[in-house]
Amino acid sequence: MSQVIDRFLRYVQIDTQSSEDSQTTPSTSKQLQLAQLLEKELKDLGLTDARIKEGYVYGTLPANSVKAIPALGLIAHMDTSPDFSGENVKPKIIENYDGQDIVLNSELNLILSSQDFPELQDYIGKNLITTDGTTLLGADDKAGIAEIMTALEYLATHLEVEHGKICVAFTPDEEIGRGADHFDVAGFGADFAYTVDGGPIGELEYENFNAAKAIVKVKGRNVHPGNAKNKMINSILLANEYIAKLPSQETPATTEGYEGFYHINDIKGDVEETTLYYIIRDFDQDSFAKRKETMRSLTEDLNQTYGAGTFSIEITDQYQNMKEKILPVMHIVEKAQAAMEAVGVKPLIQPIRGGTDGARLSFMGLPTPNLFTGGHNYHGRYEFIPTFAMEKSVEVILKIIELYAKEDLR
Ligand SMILES: [Zn+2]
């Protein structure tokens, strides 16, 4: 079995599920088990500065060239999603896939259906790794870790391959949105980095949503319904008016690609007071700002009708599109694209309809686009990964390193 598969199968045995309910770093101490294993493996590969700091694993492979080559970072996350169990993962290897349904678990009658997941047809004749139906697989993002480690191992054992400084980091708590919180950008020491945390083979991402949340409060006046005429103000009905005045075709269910949206994801209320919880998403800065303005002016307009203070709104920015931080150093995307093409992988450049740790790191001074791991159907029992995609990921990482080593920036 190839190195990357062997590593992957070992890493997924360790349960590293993170938890939103915990305020510690890492959020669950079991993530440290994998952290300690990775620290040791980095040391065994000769990365003498391998260390764990606040649950993050860091290490550096020094340059073996006198050329001025930029310091390149590689990042993957250790935790798995709180959405589905990551305990006792028993990966199954499907050799030479025949295009039919895959029985994950005959006792529980769990099937990875080729009808529900037509992308399986792309992998006929390949080897796949699936779950046994009772857990997630953890390719998100242990495939990324295995791919980075395998590339490092190659460099550590092929001293004739010229490279610049390579910085690696394995982070906790990405799945609960805290993966960048304690990231030591200065200590990491890279000029730019890639997260290896994308999906199917070829994925390359450097654009993500601008994101804000909005809380709209609506005040009413409760009176006994029997004698409420011209007295009662039902905040639920006013809230309904607010909801109806936002464009009905700009919701998650009606948009795709580069289209933005307003999304109401919670509502709580009674006659006296109703609260609406929205998220606002858009790729474009101007139209993102316009969306916020639309919600604010709708609040004002309705106050004109129903009296000042009836509606109030609080908008909080959450994260930003990394594109503006990537464009000035666009060579990092172009190199990844060229590397994929050089090893026979078709680059699939697409916007991320969400956020990434790379987006936050980009605004912390470390431009960080995202590369594929090869996996599908993250966060659930239908997760799977074709083994050749993992091998291709290793080749892409090594090719990027090689392409940068050809340059001398002096
Ligand atoms: Zn991930």
# chains A, B, ... in the order shown; residues from 1 in each chain; ligands from 1
call {"tool": "residues_around", "arguments": {"residues": "region 285-299 of chain A", "least_positions_apart": "4", "cutoff": "7 Å", "atoms": "only C-alpha atoms", "output": "PyMOL selection string"}}
result
chain A and resi 210+281+303+311-313
call {"tool": "residues_near_ligand", "arguments": {"ligand": "ligand 1", "cutoff": "12 Å", "atoms": "only C-alpha atoms and all ligand atoms", "output": "JSON, numbers by chain"}}
result
{"A": [17, 18, 75, 76, 77, 78, 79, 80, 81, 82, 137, 138, 139, 140, 141, 142, 143, 144, 145, 170, 171, 172, 173, 174, 175, 176, 177, 179, 195, 196, 197, 198, 199, 354, 355, 356, 357, 358, 370, 371, 372, 373, 374, 375, 376, 377, 378, 379]}
call {"tool": "closest_residue", "arguments": {"among": "A:Gln249, A:Ser27, A:Thr255, A:Thr274", "to": "Leu237 (chain A)", "atoms": "only C-alpha atoms"}}
result
A:Thr274
call {"tool": "select_by_dssp", "arguments": {"residues": "region 126-246 of chain A", "states": "alpha helix (DSSP H)", "output": "ChimeraX atom specification"}}
result
/A:139-157,185-188,235-245
call {"tool": "write_last_selection", "arguments": {"atoms": "C-alpha atoms", "output": "compact mmCIF listing (two decimals), in the first residue's frame"}}
result
# COMPACT_ATOMS: atom_id res chain seq x y z
CA ALA A 139 -10.91 12.42 5.11
CA ASP A 140 -11.87 15.97 6.12
CA ASP A 141 -9.12 16.62 6.94
CA LYS A 142 -6.93 13.65 7.80
CA ALA A 143 -6.49 13.09 4.08
CA GLY A 144 -4.91 16.56 3.99
CA ILE A 145 -2.63 15.67 6.90
CA ALA A 146 -1.60 12.36 5.29
CA GLU A 147 -0.91 14.11 1.97
CA ILE A 148 1.24 16.82 3.55
CA MET A 149 3.15 14.29 5.69
CA THR A 150 3.79 12.04 2.69
CA ALA A 151 5.11 14.96 0.64
CA LEU A 152 7.40 15.89 3.55
CA GLU A 153 8.59 12.32 3.86
CA TYR A 154 9.49 12.35 0.19
CA LEU A 155 11.54 15.52 0.57
CA ALA A 156 13.19 14.24 3.75
CA THR A 157 14.30 11.06 1.97
CA VAL A 185 1.49 33.30 11.97
CA ALA A 186 4.86 34.81 12.97
CA GLY A 187 6.13 31.58 14.52
CA PHE A 188 4.93 29.58 11.53
CA SER A 235 -44.63 41.88 16.84
CA ILE A 236 -44.94 38.50 15.09
CA LEU A 237 -47.05 40.05 12.34
CA LEU A 238 -44.66 43.00 11.99
CA ALA A 239 -41.73 40.60 11.81
CA ASN A 240 -43.55 38.76 9.07
CA GLU A 241 -43.76 42.00 7.13
CA TYR A 242 -40.03 42.52 7.50
CA ILE A 243 -39.29 39.00 6.24
CA ALA A 244 -41.62 39.41 3.27
CA LYS A 245 -39.97 42.68 2.17
call {"tool": "closest_residue", "arguments": {"among": "A:Gly99, A:Ala336, A:Lys231, A:His158", "to": "Thr368 (chain A)", "atoms": "only C-alpha atoms"}}
result
A:Ala336
call {"tool": "closest_residue", "arguments": {"among": "A:Ala63, A:Met330, A:Ile401, A:Ile280", "to": "Pro369 (chain A)", "atoms": "only C-alpha atoms"}}
result
A:Met330
call {"tool": "select_by_dssp", "arguments": {"residues": "region 34-122 of chain A", "states": "strand (DSSP E)", "output": "PyMOL selection string"}}
result
chain A and resi 51-53+56-61+72-77+92-94+102-105+110-112
call {"tool": "residues_around", "arguments": {"residues": "Ser29 (chain A)", "least_positions_apart": "5", "cutoff": "9 Å", "atoms": "only C-alpha atoms", "output": "number ranges by chain"}}
result
A: 16, 18, 24, 55
call {"tool": "write_last_selection", "arguments": {"atoms": "N, CA and C atoms", "output": "PDB file, in the first residue's frame"}}
result
ATOM      1  N   THR A  16     -10.935  12.483  16.790  1.00  0.00           N
ATOM      2  CA  THR A  16     -10.524  13.868  17.043  1.00  0.00           C
ATOM      3  C   THR A  16     -11.696  14.834  16.908  1.00  0.00           C
ATOM      4  N   SER A  18     -14.208  17.622  17.364  1.00  0.00           N
ATOM      5  CA  SER A  18     -14.188  18.851  18.161  1.00  0.00           C
ATOM      6  C   SER A  18     -15.591  19.133  18.696  1.00  0.00           C
ATOM      7  N   THR A  24     -12.279  25.376  25.828  1.00  0.00           N
ATOM      8  CA  THR A  24     -10.843  25.164  25.925  1.00  0.00           C
ATOM      9  C   THR A  24     -10.208  25.115  24.528  1.00  0.00           C
ATOM     10  N   GLY A  55      -2.161  23.394  21.294  1.00  0.00           N
ATOM     11  CA  GLY A  55      -2.883  22.372  20.538  1.00  0.00           C
ATOM     12  C   GLY A  55      -2.588  22.365  19.052  1.00  0.00           C
TER      13      GLY A  55
END
call {"tool": "residues_around", "arguments": {"residues": "Lys399 (chain A)", "least_positions_apart": "6", "cutoff": "10 Å", "atoms": "only C-alpha atoms", "output": "ChimeraX atom specification"}}
result
/A:151,335-336,338-343,393,405
call {"tool": "write_last_selection", "arguments": {"atoms": "N, CA and C atoms", "output": "compact mmCIF listing (two decimals), in the first residue's frame"}}
result
# COMPACT_ATOMS: atom_id res chain seq x y z
N ALA A 151 4.26 14.08 1.45
CA ALA A 151 5.11 14.96 0.64
C ALA A 151 6.39 15.30 1.42
N LYS A 335 0.60 28.98 -9.53
CA LYS A 335 1.54 27.86 -9.34
C LYS A 335 0.77 26.57 -9.07
N ALA A 336 -0.27 26.67 -8.24
CA ALA A 336 -1.05 25.47 -7.92
C ALA A 336 -1.74 24.94 -9.18
N ALA A 338 -0.71 25.41 -12.30
CA ALA A 338 0.32 24.85 -13.18
C ALA A 338 0.77 23.48 -12.66
N ALA A 339 0.86 23.35 -11.34
CA ALA A 339 1.30 22.08 -10.74
C ALA A 339 0.28 20.98 -11.05
N MET A 340 -1.00 21.32 -10.92
CA MET A 340 -2.04 20.33 -11.21
C MET A 340 -1.95 19.88 -12.66
N GLU A 341 -1.85 20.87 -13.56
CA GLU A 341 -1.78 20.52 -14.98
C GLU A 341 -0.56 19.65 -15.27
N ALA A 342 0.54 19.95 -14.61
CA ALA A 342 1.79 19.21 -14.86
C ALA A 342 1.68 17.74 -14.43
N VAL A 343 0.81 17.45 -13.46
CA VAL A 343 0.68 16.04 -13.04
C VAL A 343 -0.63 15.42 -13.53
N SER A 393 -2.78 14.29 -4.93
CA SER A 393 -2.60 15.45 -4.06
C SER A 393 -1.14 15.58 -3.63
N ALA A 405 10.95 26.17 -6.44
CA ALA A 405 12.40 26.01 -6.32
C ALA A 405 13.14 26.36 -7.60
call {"tool": "residues_around", "arguments": {"residues": "Glu259 (chain A)", "least_positions_apart": "2", "cutoff": "8 Å", "atoms": "only C-alpha atoms", "output": "ChimeraX atom specification"}}
result
/A:255-257,261,282-283
call {"tool": "atom_distance", "arguments": {"atom1": "CA of Asp266 (chain A)", "atom2": "CA of Ile315 (chain A)"}}
result
15.2 Å
call {"tool": "atom_distance", "arguments": {"atom1": "CA of Val12 (chain A)", "atom2": "CA of Pro91 (chain A)"}}
result
8.1 Å
